[in-house]
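Pasted below: run29.cif, mmCIF, C-alpha atoms, pLDDT in the B column; chains and numbers go by the auth columns.
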data_protein
loop_
_atom_site.group_PDB
_atom_site.id
_atom_site.type_symbol
_atom_site.label_atom_id
_atom_site.label_comp_id
_atom_site.label_asym_id
_atom_site.label_seq_id
_atom_site.Cartn_x
_atom_site.Cartn_y
_atom_site.Cartn_z
_atom_site.B_iso_or_equiv
_atom_site.auth_seq_id
_atom_site.auth_asym_id
ATOM 1 C CA MET A 1 106.254 117.412 106.476 44.00 1 A
ATOM 2 C CA ARG A 2 103.330 115.875 108.256 47.00 2 A
ATOM 3 C CA ARG A 3 103.003 112.941 105.899 50.00 3 A
ATOM 4 C CA HIS A 4 106.016 111.237 104.567 47.00 4 A
ATOM 5 C CA SER A 5 107.395 108.480 102.389 46.00 5 A
ATOM 6 C CA GLY A 6 104.321 107.756 100.236 50.00 6 A
ATOM 7 C CA SER A 7 105.505 104.922 98.069 52.00 7 A
ATOM 8 C CA ALA A 8 109.197 105.501 98.792 48.00 8 A
ATOM 9 C CA HIS A 9 109.132 103.075 101.656 54.00 9 A
ATOM 10 C CA ARG A 10 112.235 104.281 103.331 60.00 10 A
ATOM 11 C CA GLY A 11 113.123 107.451 104.998 72.00 11 A
ATOM 12 C CA LEU A 12 112.652 111.145 104.914 81.00 12 A
ATOM 13 C CA GLY A 13 115.904 111.562 102.985 87.00 13 A
ATOM 14 C CA GLU A 14 114.596 109.941 99.818 89.00 14 A
ATOM 15 C CA TRP A 15 111.304 111.772 100.168 89.00 15 A
ATOM 16 C CA LEU A 16 113.143 115.074 100.365 92.00 16 A
ATOM 17 C CA VAL A 17 115.518 114.272 97.483 94.00 17 A
ATOM 18 C CA GLN A 18 112.534 113.346 95.302 94.00 18 A
ATOM 19 C CA ARG A 19 110.702 116.587 96.111 94.00 19 A
ATOM 20 C CA VAL A 20 113.652 118.977 95.881 95.00 20 A
ATOM 21 C CA SER A 21 114.780 117.463 92.566 96.00 21 A
ATOM 22 C CA ALA A 22 111.159 117.624 91.372 96.00 22 A
ATOM 23 C CA LEU A 23 111.062 121.357 92.081 96.00 23 A
ATOM 24 C CA TYR A 24 114.243 121.951 90.078 97.00 24 A
ATOM 25 C CA LEU A 25 113.097 119.718 87.213 97.00 25 A
ATOM 26 C CA ALA A 26 109.765 121.534 87.014 96.00 26 A
ATOM 27 C CA GLY A 27 111.480 124.943 86.954 96.00 27 A
ATOM 28 C CA PHE A 28 114.094 123.797 84.431 97.00 28 A
ATOM 29 C CA THR A 29 111.469 122.235 82.139 95.00 29 A
ATOM 30 C CA PHE A 30 109.398 125.408 82.239 94.00 30 A
ATOM 31 C CA TRP A 31 112.443 127.565 81.456 96.00 31 A
ATOM 32 C CA LEU A 32 113.639 125.287 78.635 94.00 32 A
ATOM 33 C CA ALA A 33 110.191 125.074 77.043 90.00 33 A
ATOM 34 C CA LEU A 34 109.885 128.864 77.181 92.00 34 A
ATOM 35 C CA ARG A 35 113.428 129.460 75.884 91.00 35 A
ATOM 36 C CA LEU A 36 113.179 126.995 72.993 86.00 36 A
ATOM 37 C CA GLY A 37 109.552 127.913 72.370 82.00 37 A
ATOM 38 C CA LEU A 38 110.535 131.551 71.838 83.00 38 A
ATOM 39 C CA GLY A 39 113.036 130.525 69.209 83.00 39 A
ATOM 40 C CA TRP A 40 115.257 127.552 68.622 83.00 40 A
ATOM 41 C CA PRO A 41 118.947 128.472 68.029 87.00 41 A
ATOM 42 C CA ALA A 42 119.026 128.845 64.240 85.00 42 A
ATOM 43 C CA ASP A 43 122.106 126.776 63.322 91.00 43 A
ATOM 44 C CA TYR A 44 125.097 124.869 64.660 94.00 44 A
ATOM 45 C CA THR A 45 126.996 128.028 65.663 94.00 45 A
ATOM 46 C CA ALA A 46 124.017 129.493 67.523 93.00 46 A
ATOM 47 C CA TRP A 47 123.302 126.122 69.198 94.00 47 A
ATOM 48 C CA ARG A 48 126.921 125.808 70.378 94.00 48 A
ATOM 49 C CA THR A 49 127.124 129.401 71.525 93.00 49 A
ATOM 50 C CA TRP A 50 123.950 128.987 73.545 94.00 50 A
ATOM 51 C CA LEU A 51 124.963 125.677 75.119 93.00 51 A
ATOM 52 C CA GLY A 52 128.516 126.900 75.652 92.00 52 A
ATOM 53 C CA GLY A 53 127.361 129.648 78.006 92.00 53 A
ATOM 54 C CA GLY A 54 128.411 129.120 81.630 92.00 54 A
ATOM 55 C CA GLY A 55 124.925 129.688 83.054 95.00 55 A
ATOM 56 C CA VAL A 56 123.263 127.345 80.559 95.00 56 A
ATOM 57 C CA ARG A 57 125.842 124.616 81.163 96.00 57 A
ATOM 58 C CA LEU A 58 125.413 124.970 84.922 96.00 58 A
ATOM 59 C CA ALA A 59 121.616 124.774 84.532 97.00 59 A
ATOM 60 C CA PHE A 60 121.991 121.615 82.409 97.00 60 A
ATOM 61 C CA GLY A 61 124.473 120.153 84.883 97.00 61 A
ATOM 62 C CA VAL A 62 122.101 120.589 87.825 98.00 62 A
ATOM 63 C CA PHE A 63 119.341 119.228 85.576 98.00 63 A
ATOM 64 C CA PHE A 64 121.205 115.972 84.883 98.00 64 A
ATOM 65 C CA LEU A 65 122.073 115.609 88.567 98.00 65 A
ATOM 66 C CA SER A 66 118.426 116.150 89.534 98.00 66 A
ATOM 67 C CA VAL A 67 117.223 113.704 86.885 97.00 67 A
ATOM 68 C CA ALA A 68 119.608 111.017 88.134 97.00 68 A
ATOM 69 C CA LEU A 69 118.541 111.431 91.773 97.00 69 A
ATOM 70 C CA HIS A 70 114.843 111.724 90.891 97.00 70 A
ATOM 71 C CA ALA A 71 114.995 108.658 88.647 97.00 71 A
ATOM 72 C CA TRP A 72 116.824 106.668 91.311 96.00 72 A
ATOM 73 C CA VAL A 73 114.149 107.287 93.950 95.00 73 A
ATOM 74 C CA GLY A 74 111.314 106.820 91.449 95.00 74 A
ATOM 75 C CA MET A 75 112.586 103.569 89.960 96.00 75 A
ATOM 76 C CA ARG A 76 113.206 102.258 93.463 94.00 76 A
ATOM 77 C CA SER A 77 109.578 102.895 94.409 92.00 77 A
ATOM 78 C CA VAL A 78 108.412 101.112 91.272 94.00 78 A
ATOM 79 C CA PHE A 79 110.632 98.082 91.973 95.00 79 A
ATOM 80 C CA LEU A 80 109.530 97.901 95.613 92.00 80 A
ATOM 81 C CA ASP A 81 105.845 98.161 94.735 91.00 81 A
ATOM 82 C CA TYR A 82 105.655 95.701 91.851 91.00 82 A
ATOM 83 C CA LEU A 83 108.435 93.179 92.354 90.00 83 A
ATOM 84 C CA LYS A 84 108.366 90.620 95.131 89.00 84 A
ATOM 85 C CA PRO A 85 111.599 88.557 94.916 93.00 85 A
ATOM 86 C CA ALA A 86 114.370 90.296 96.836 93.00 86 A
ATOM 87 C CA TRP A 87 117.078 89.193 94.401 95.00 87 A
ATOM 88 C CA LEU A 88 115.178 90.718 91.465 95.00 88 A
ATOM 89 C CA ARG A 89 114.676 94.012 93.285 94.00 89 A
ATOM 90 C CA PHE A 90 118.326 94.082 94.247 94.00 90 A
ATOM 91 C CA THR A 91 119.573 93.247 90.749 96.00 91 A
ATOM 92 C CA LEU A 92 117.397 95.813 89.015 96.00 92 A
ATOM 93 C CA GLN A 93 118.179 98.469 91.601 96.00 93 A
ATOM 94 C CA MET A 94 121.899 97.831 91.129 96.00 94 A
ATOM 95 C CA LEU A 95 121.585 98.009 87.326 97.00 95 A
ATOM 96 C CA THR A 96 119.605 101.239 87.645 97.00 96 A
ATOM 97 C CA SER A 97 122.186 102.781 89.963 97.00 97 A
ATOM 98 C CA VAL A 98 125.108 101.882 87.725 98.00 98 A
ATOM 99 C CA GLY A 99 123.210 102.965 84.592 97.00 99 A
ATOM 100 C CA LEU A 100 122.265 106.334 86.064 97.00 100 A
ATOM 101 C CA LEU A 101 125.812 106.909 87.300 98.00 101 A
ATOM 102 C CA VAL A 102 127.222 106.175 83.833 98.00 102 A
ATOM 103 C CA LEU A 103 124.697 108.538 82.233 97.00 103 A
ATOM 104 C CA LEU A 104 125.560 111.223 84.776 97.00 104 A
ATOM 105 C CA LEU A 105 129.298 110.930 84.070 97.00 105 A
ATOM 106 C CA TRP A 106 128.619 110.975 80.326 97.00 106 A
ATOM 107 C CA ALA A 107 126.505 114.124 80.673 97.00 107 A
ATOM 108 C CA ALA A 108 129.219 115.725 82.816 96.00 108 A
ATOM 109 C CA GLU A 109 131.811 114.960 80.146 96.00 109 A
ATOM 110 C CA ILE A 110 129.625 116.518 77.454 96.00 110 A
ATOM 111 C CA LEU A 111 128.969 119.668 79.474 96.00 111 A
ATOM 112 C CA LEU A 112 132.533 120.109 80.695 95.00 112 A
ATOM 113 C CA ILE A 113 134.450 119.147 77.534 92.00 113 A
ATOM 114 C CA GLU A 114 132.345 118.933 74.365 89.00 114 A
ATOM 115 C CA ALA A 115 130.181 121.967 75.122 88.00 115 A
ATOM 116 C CA ARG A 116 133.151 124.144 76.107 87.00 116 A
ATOM 117 C CA PRO A 117 133.255 127.191 73.809 83.00 117 A
ATOM 118 C CA MET B 1 71.501 67.664 109.579 47.00 1 B
ATOM 119 C CA TYR B 2 71.208 66.547 105.989 50.00 2 B
ATOM 120 C CA LYS B 3 69.486 69.795 105.053 54.00 3 B
ATOM 121 C CA TRP B 4 72.110 71.951 106.719 56.00 4 B
ATOM 122 C CA ASN B 5 74.780 70.168 104.784 59.00 5 B
ATOM 123 C CA THR B 6 73.279 70.871 101.378 59.00 6 B
ATOM 124 C CA GLN B 7 72.867 74.497 102.385 59.00 7 B
ATOM 125 C CA ALA B 8 76.513 74.702 103.331 60.00 8 B
ATOM 126 C CA ILE B 9 77.533 73.142 100.053 60.00 9 B
ATOM 127 C CA GLY B 10 75.255 75.554 98.225 59.00 10 B
ATOM 128 C CA MET B 11 76.946 78.476 99.990 61.00 11 B
ATOM 129 C CA MET B 12 80.350 77.217 99.036 61.00 12 B
ATOM 130 C CA GLU B 13 79.254 76.949 95.430 62.00 13 B
ATOM 131 C CA ASN B 14 78.076 80.557 95.623 62.00 14 B
ATOM 132 C CA ASN B 15 81.404 81.634 97.045 63.00 15 B
ATOM 133 C CA LYS B 16 83.157 80.121 94.069 63.00 16 B
ATOM 134 C CA LYS B 17 81.017 82.180 91.714 65.00 17 B
ATOM 135 C CA ARG B 18 81.843 85.505 93.372 64.00 18 B
ATOM 136 C CA PRO B 19 83.107 87.957 90.786 60.00 19 B
ATOM 137 C CA VAL B 20 86.841 88.323 91.430 61.00 20 B
ATOM 138 C CA HIS B 21 87.846 91.234 89.261 57.00 21 B
ATOM 139 C CA LEU B 22 91.520 90.815 88.746 61.00 22 B
ATOM 140 C CA ASP B 23 90.759 91.185 85.070 63.00 23 B
ATOM 141 C CA LEU B 24 92.239 94.582 84.190 62.00 24 B
ATOM 142 C CA LEU B 25 89.363 95.329 81.830 64.00 25 B
ATOM 143 C CA HIS B 26 86.896 95.010 84.704 66.00 26 B
ATOM 144 C CA ILE B 27 88.740 97.073 87.321 67.00 27 B
ATOM 145 C CA ARG B 28 87.478 100.644 87.342 74.00 28 B
ATOM 146 C CA LEU B 29 90.255 102.819 88.672 79.00 29 B
ATOM 147 C CA PRO B 30 89.223 106.184 90.197 83.00 30 B
ATOM 148 C CA VAL B 31 90.541 109.192 88.273 87.00 31 B
ATOM 149 C CA GLY B 32 93.244 109.848 90.887 88.00 32 B
ATOM 150 C CA GLY B 33 94.447 106.289 90.352 87.00 33 B
ATOM 151 C CA VAL B 34 94.585 106.780 86.580 89.00 34 B
ATOM 152 C CA VAL B 35 96.697 109.928 86.981 91.00 35 B
ATOM 153 C CA SER B 36 98.920 108.154 89.480 91.00 36 B
ATOM 154 C CA ILE B 37 99.616 105.050 87.388 92.00 37 B
ATOM 155 C CA LEU B 38 100.269 107.218 84.317 93.00 38 B
ATOM 156 C CA HIS B 39 102.717 109.234 86.409 95.00 39 B
ATOM 157 C CA ARG B 40 104.661 106.041 87.056 95.00 40 B
ATOM 158 C CA ILE B 41 104.483 104.755 83.485 96.00 41 B
ATOM 159 C CA THR B 42 105.604 108.094 82.023 96.00 42 B
ATOM 160 C CA GLY B 43 108.365 108.304 84.641 97.00 43 B
ATOM 161 C CA VAL B 44 109.804 104.927 83.652 97.00 44 B
ATOM 162 C CA ALA B 45 109.466 105.820 79.960 97.00 45 B
ATOM 163 C CA LEU B 46 111.340 109.089 80.498 97.00 46 B
ATOM 164 C CA VAL B 47 114.160 107.317 82.332 97.00 47 B
ATOM 165 C CA LEU B 48 114.448 104.852 79.436 96.00 48 B
ATOM 166 C CA SER B 49 114.664 107.731 76.946 96.00 49 B
ATOM 167 C CA LEU B 50 117.607 109.354 78.768 97.00 50 B
ATOM 168 C CA PRO B 51 120.467 107.508 77.006 97.00 51 B
ATOM 169 C CA ALA B 52 119.133 108.448 73.559 96.00 52 B
ATOM 170 C CA ALA B 53 118.631 112.065 74.633 96.00 53 B
ATOM 171 C CA ILE B 54 122.194 112.368 75.952 97.00 54 B
ATOM 172 C CA PHE B 55 123.586 110.660 72.852 97.00 55 B
ATOM 173 C CA LEU B 56 121.753 113.101 70.557 96.00 56 B
ATOM 174 C CA LEU B 57 122.892 116.084 72.646 95.00 57 B
ATOM 175 C CA ARG B 58 126.500 114.945 72.247 96.00 58 B
ATOM 176 C CA GLU B 59 126.174 114.336 68.501 95.00 59 B
ATOM 177 C CA SER B 60 124.602 117.740 67.963 94.00 60 B
ATOM 178 C CA LEU B 61 127.473 119.486 69.764 93.00 61 B
ATOM 179 C CA LEU B 62 130.466 117.681 68.237 92.00 62 B
ATOM 180 C CA ASP B 63 130.584 119.237 64.767 92.00 63 B
ATOM 181 C CA PRO B 64 128.293 120.814 62.136 94.00 64 B
ATOM 182 C CA GLU B 65 127.897 117.413 60.423 95.00 65 B
ATOM 183 C CA GLY B 66 126.680 115.834 63.633 94.00 66 B
ATOM 184 C CA TYR B 67 124.325 118.751 64.157 95.00 67 B
ATOM 185 C CA GLY B 68 122.969 118.230 60.647 94.00 68 B
ATOM 186 C CA ARG B 69 122.516 114.484 61.223 95.00 69 B
ATOM 187 C CA VAL B 70 120.621 115.004 64.495 95.00 70 B
ATOM 188 C CA SER B 71 118.536 117.757 62.961 92.00 71 B
ATOM 189 C CA ALA B 72 117.600 115.577 59.965 94.00 72 B
ATOM 190 C CA LEU B 73 116.871 112.603 62.198 95.00 73 B
ATOM 191 C CA LEU B 74 114.564 114.609 64.483 91.00 74 B
ATOM 192 C CA GLN B 75 112.629 115.837 61.478 90.00 75 B
ATOM 193 C CA SER B 76 111.920 112.368 60.109 92.00 76 B
ATOM 194 C CA LEU B 77 108.356 111.138 60.581 91.00 77 B
ATOM 195 C CA PRO B 78 109.042 108.252 62.997 92.00 78 B
ATOM 196 C CA MET B 79 111.122 110.535 65.225 93.00 79 B
ATOM 197 C CA ARG B 80 108.446 113.223 65.125 91.00 80 B
ATOM 198 C CA ILE B 81 105.920 110.702 66.376 91.00 81 B
ATOM 199 C CA LEU B 82 108.352 109.579 69.077 93.00 82 B
ATOM 200 C CA LEU B 83 109.032 113.198 70.055 91.00 83 B
ATOM 201 C CA TYR B 84 105.307 113.798 70.232 92.00 84 B
ATOM 202 C CA LEU B 85 104.870 110.854 72.623 93.00 85 B
ATOM 203 C CA LEU B 86 107.823 112.164 74.620 94.00 86 B
ATOM 204 C CA LEU B 87 106.143 115.558 74.835 92.00 87 B
ATOM 205 C CA LEU B 88 102.981 113.899 76.166 94.00 88 B
ATOM 206 C CA ALA B 89 104.997 111.914 78.695 95.00 89 B
ATOM 207 C CA VAL B 90 106.847 115.013 79.909 95.00 90 B
ATOM 208 C CA GLY B 91 103.567 116.937 80.013 94.00 91 B
ATOM 209 C CA HIS B 92 101.748 114.325 82.039 95.00 92 B
ATOM 210 C CA HIS B 93 104.650 113.733 84.400 96.00 93 B
ATOM 211 C CA PHE B 94 105.034 117.505 84.872 95.00 94 B
ATOM 212 C CA PHE B 95 101.388 118.248 85.686 95.00 95 B
ATOM 213 C CA ALA B 96 100.838 115.122 87.775 94.00 96 B
ATOM 214 C CA GLY B 97 104.068 115.976 89.607 94.00 97 B
ATOM 215 C CA VAL B 98 102.925 119.523 90.327 94.00 98 B
ATOM 216 C CA ARG B 99 99.666 118.070 91.667 93.00 99 B
ATOM 217 C CA HIS B 100 101.677 115.782 93.899 91.00 100 B
ATOM 218 C CA LEU B 101 103.758 118.666 95.254 91.00 101 B
ATOM 219 C CA LEU B 102 100.585 120.634 95.951 92.00 102 B
ATOM 220 C CA LEU B 103 99.095 117.632 97.775 90.00 103 B
ATOM 221 C CA ASP B 104 102.232 117.639 99.950 88.00 104 B
ATOM 222 C CA ILE B 105 101.389 121.115 101.178 90.00 105 B
ATOM 223 C CA ASP B 106 97.741 120.110 101.653 85.00 106 B
ATOM 224 C CA ILE B 107 96.371 121.861 98.566 87.00 107 B
ATOM 225 C CA GLY B 108 93.678 119.797 96.844 84.00 108 B
ATOM 226 C CA ILE B 109 93.905 117.144 99.514 83.00 109 B
ATOM 227 C CA SER B 110 90.170 116.759 100.176 86.00 110 B
ATOM 228 C CA ARG B 111 88.230 113.983 98.487 84.00 111 B
ATOM 229 C CA SER B 112 86.511 116.249 95.982 85.00 112 B
ATOM 230 C CA GLY B 113 89.539 118.538 95.662 86.00 113 B
ATOM 231 C CA SER B 114 91.881 115.702 94.812 86.00 114 B
ATOM 232 C CA ARG B 115 89.439 114.390 92.229 88.00 115 B
ATOM 233 C CA ARG B 116 89.150 117.860 90.709 88.00 116 B
ATOM 234 C CA GLY B 117 92.947 118.126 90.655 90.00 117 B
ATOM 235 C CA ALA B 118 93.254 114.806 88.872 90.00 118 B
ATOM 236 C CA TRP B 119 90.756 115.901 86.223 90.00 119 B
ATOM 237 C CA LEU B 120 92.672 119.188 85.843 90.00 120 B
ATOM 238 C CA VAL B 121 95.860 117.213 85.166 90.00 121 B
ATOM 239 C CA LEU B 122 94.083 115.176 82.477 91.00 122 B
ATOM 240 C CA ALA B 123 92.629 118.369 80.974 90.00 123 B
ATOM 241 C CA ALA B 124 96.077 119.980 80.847 91.00 124 B
ATOM 242 C CA VAL B 125 97.494 116.886 79.149 91.00 125 B
ATOM 243 C CA ALA B 126 94.614 116.938 76.658 91.00 126 B
ATOM 244 C CA ALA B 127 95.466 120.592 75.895 91.00 127 B
ATOM 245 C CA ILE B 128 99.116 119.644 75.302 88.00 128 B
ATOM 246 C CA THR B 129 98.022 116.732 73.137 88.00 129 B
ATOM 247 C CA ALA B 130 96.164 119.150 70.887 89.00 130 B
ATOM 248 C CA MET B 131 98.815 121.904 70.967 86.00 131 B
ATOM 249 C CA GLY B 132 101.607 119.409 70.366 82.00 132 B
ATOM 250 C CA LEU B 133 100.065 118.425 67.042 83.00 133 B
ATOM 251 C CA PHE B 134 100.546 122.012 65.859 80.00 134 B
ATOM 252 C CA ILE B 135 104.078 122.267 67.218 72.00 135 B
ATOM 253 C CA ILE B 136 105.303 118.967 65.787 68.00 136 B
ATOM 254 C CA TRP B 137 103.675 119.461 62.387 66.00 137 B
#
Have the structure of the file written as structure tokens, please.
Amino acid sequence: MRRHSGSAHRGLGEWLVQRVSALYLAGFTFWLALRLGLGWPADYTAWRTWLGGGGVRLAFGVFFLSVALHAWVGMRSVFLDYLKPAWLRFTLQMLTSVGLLVLLLWAAEILLIEARP
Amino acid sequence: MYKWNTQAIGMMENNKKRPVHLDLLHIRLPVGGVVSILHRITGVALVLSLPAAIFLLRESLLDPEGYGRVSALLQSLPMRILLYLLLLAVGHHFFAGVRHLLLDIDIGISRSGSRRGAWLVLAAVAAITAMGLFIIW
């Protein structure tokens, strides 16, 4: 941790969140590509059975959480680097936060209720 | 005095003619910069694709009809092209991200090393671009 922040202008916390979530996302993407590359679940029943598994749902849950955090830090860097007016940064950052939170809750609902076997 | 003045005016005229390359077509970005800006563009694109991805996941899980609808939709030509672009975006963001993580632990941090890393990222994306054509079609 000799260098820090890069384009995330504030704090070690965001830097760390971005990196830790990046590690999980990379691992998850690799696993998913391998799993689906080896053979897509053949039909609706197989698809549901696979996604209904506790381990798979947990993996997807952590994935959505990581995506939300990673996207939050990333979008923030983009806004800070390319937008000057403070009100515009603030508005877009607020919209992003609310949007990501809604998506996260939606994903949680799908994984906890719809995907339940 | 008179002579000095014309010289000064001449210099100012020259200053005005300096090439100021804010024209995007004239800026030559180093390869690391290309990888970096693409990392940002693909990142924003992936965030924007999230709602559709979650919606399709939900539809596919609800009932066999929904599964059939999603499956048919994803096999249509426009969606295949979109999925292909999504694959490229994920691929680029993945490899450029791995490069970034390696830079954090001082791997490929030297001038030549970082340039080599950036070219490696572009090569990996080119490989995916070619492989993706086989997977999608």
Counting all atoms listed in the file, which residues come within 12 Å of (127.5, 115.4, 70.7), with the point read in the file's coordinates, and could you list them as a ChimeraX atom specification? /A:44,47-48,51,106-107,109-111,113-116 /B:52-70
For those residues, write C-alpha atoms to a file as a PDB file, in the coordinates of the input.
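Produced file selection.pdb, reproduced below:
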ATOM      1  CA  TYR A  44     125.097 124.869  64.660  1.00 94.00           C
ATOM      2  CA  TRP A  47     123.302 126.122  69.198  1.00 94.00           C
ATOM      3  CA  ARG A  48     126.921 125.808  70.378  1.00 94.00           C
ATOM      4  CA  LEU A  51     124.963 125.677  75.119  1.00 93.00           C
ATOM      5  CA  TRP A 106     128.619 110.975  80.326  1.00 97.00           C
ATOM      6  CA  ALA A 107     126.505 114.124  80.673  1.00 97.00           C
ATOM      7  CA  GLU A 109     131.811 114.960  80.146  1.00 96.00           C
ATOM      8  CA  ILE A 110     129.625 116.518  77.454  1.00 96.00           C
ATOM      9  CA  LEU A 111     128.969 119.668  79.474  1.00 96.00           C
ATOM     10  CA  ILE A 113     134.450 119.147  77.534  1.00 92.00           C
ATOM     11  CA  GLU A 114     132.345 118.933  74.365  1.00 89.00           C
ATOM     12  CA  ALA A 115     130.181 121.967  75.122  1.00 88.00           C
ATOM     13  CA  ARG A 116     133.151 124.144  76.107  1.00 87.00           C
TER      14      ARG A 116
ATOM     15  CA  ALA B  52     119.133 108.448  73.559  1.00 96.00           C
ATOM     16  CA  ALA B  53     118.631 112.065  74.633  1.00 96.00           C
ATOM     17  CA  ILE B  54     122.194 112.368  75.952  1.00 97.00           C
ATOM     18  CA  PHE B  55     123.586 110.660  72.852  1.00 97.00           C
ATOM     19  CA  LEU B  56     121.753 113.101  70.557  1.00 96.00           C
ATOM     20  CA  LEU B  57     122.892 116.084  72.646  1.00 95.00           C
ATOM     21  CA  ARG B  58     126.500 114.945  72.247  1.00 96.00           C
ATOM     22  CA  GLU B  59     126.174 114.336  68.501  1.00 95.00           C
ATOM     23  CA  SER B  60     124.602 117.740  67.963  1.00 94.00           C
ATOM     24  CA  LEU B  61     127.473 119.486  69.764  1.00 93.00           C
ATOM     25  CA  LEU B  62     130.466 117.681  68.237  1.00 92.00           C
ATOM     26  CA  ASP B  63     130.584 119.237  64.767  1.00 92.00           C
ATOM     27  CA  PRO B  64     128.293 120.814  62.136  1.00 94.00           C
ATOM     28  CA  GLU B  65     127.897 117.413  60.423  1.00 95.00           C
ATOM     29  CA  GLY B  66     126.680 115.834  63.633  1.00 94.00           C
ATOM     30  CA  TYR B  67     124.325 118.751  64.157  1.00 95.00           C
ATOM     31  CA  GLY B  68     122.969 118.230  60.647  1.00 94.00           C
ATOM     32  CA  ARG B  69     122.516 114.484  61.223  1.00 95.00           C
ATOM     33  CA  VAL B  70     120.621 115.004  64.495  1.00 95.00           C
TER      34      VAL B  70
END
Residues selected by the PyMOL selection byres ((chain A and resi 64) around 12), written as a PyMOL selection string: (chain A and resi 21+24-25+28-29+57-63+65-71+100-111) or (chain B and resi 47+50-51+53-54)
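With all atoms listed in the file as the basis for measurement, B:Val98 is the residue among B:Val35, B:Ala89, B:Val98, B:Leu77 that approaches chain A most closely.
Closest approach to chain A among B:Arg28, B:Arg80, B:His93, B:Arg111: B:His93, based on only C-alpha atoms.
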Residue among A:Val56, A:Ala46, A:Ala26, A:Val98 lying closest to chain B, counting only C-alpha atoms: A:Ala26
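Using only C-alpha atoms, the smallest distance between any of A:Gln18, A:Thr91, A:Ser97, A:Ser77 and Gly97 in chain B comes from A:Gln18.
Our summary of the geometry notes that CA of Trp40 in chain A is positioned 18.9 Å from CA of Gly27 in chain A.
Between chain B and the candidates A:Gly74, A:Leu112, A:Val17, A:Gly54, the tightest atom-to-atom separation, counting all atoms listed in the file, involves A:Gly74.
Distance check against chain A using all atoms listed in the file: of B:Leu102, B:Leu86, B:Gly32, B:Gly43, the minimum falls on B:Gly43.
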Rounded to one decimal in Å, what is the spacing between CA of Val31 in chain B and CA of Ala124 in chain B? 14.2 Å
Counting all atoms listed in the file, what is within 12 Å of Ala123 in chain B, bar same-chain residues fewer than 4 positions away, as a PyMOL selection string? chain B and resi 31+35+91-92+95-96+116-119+127-130
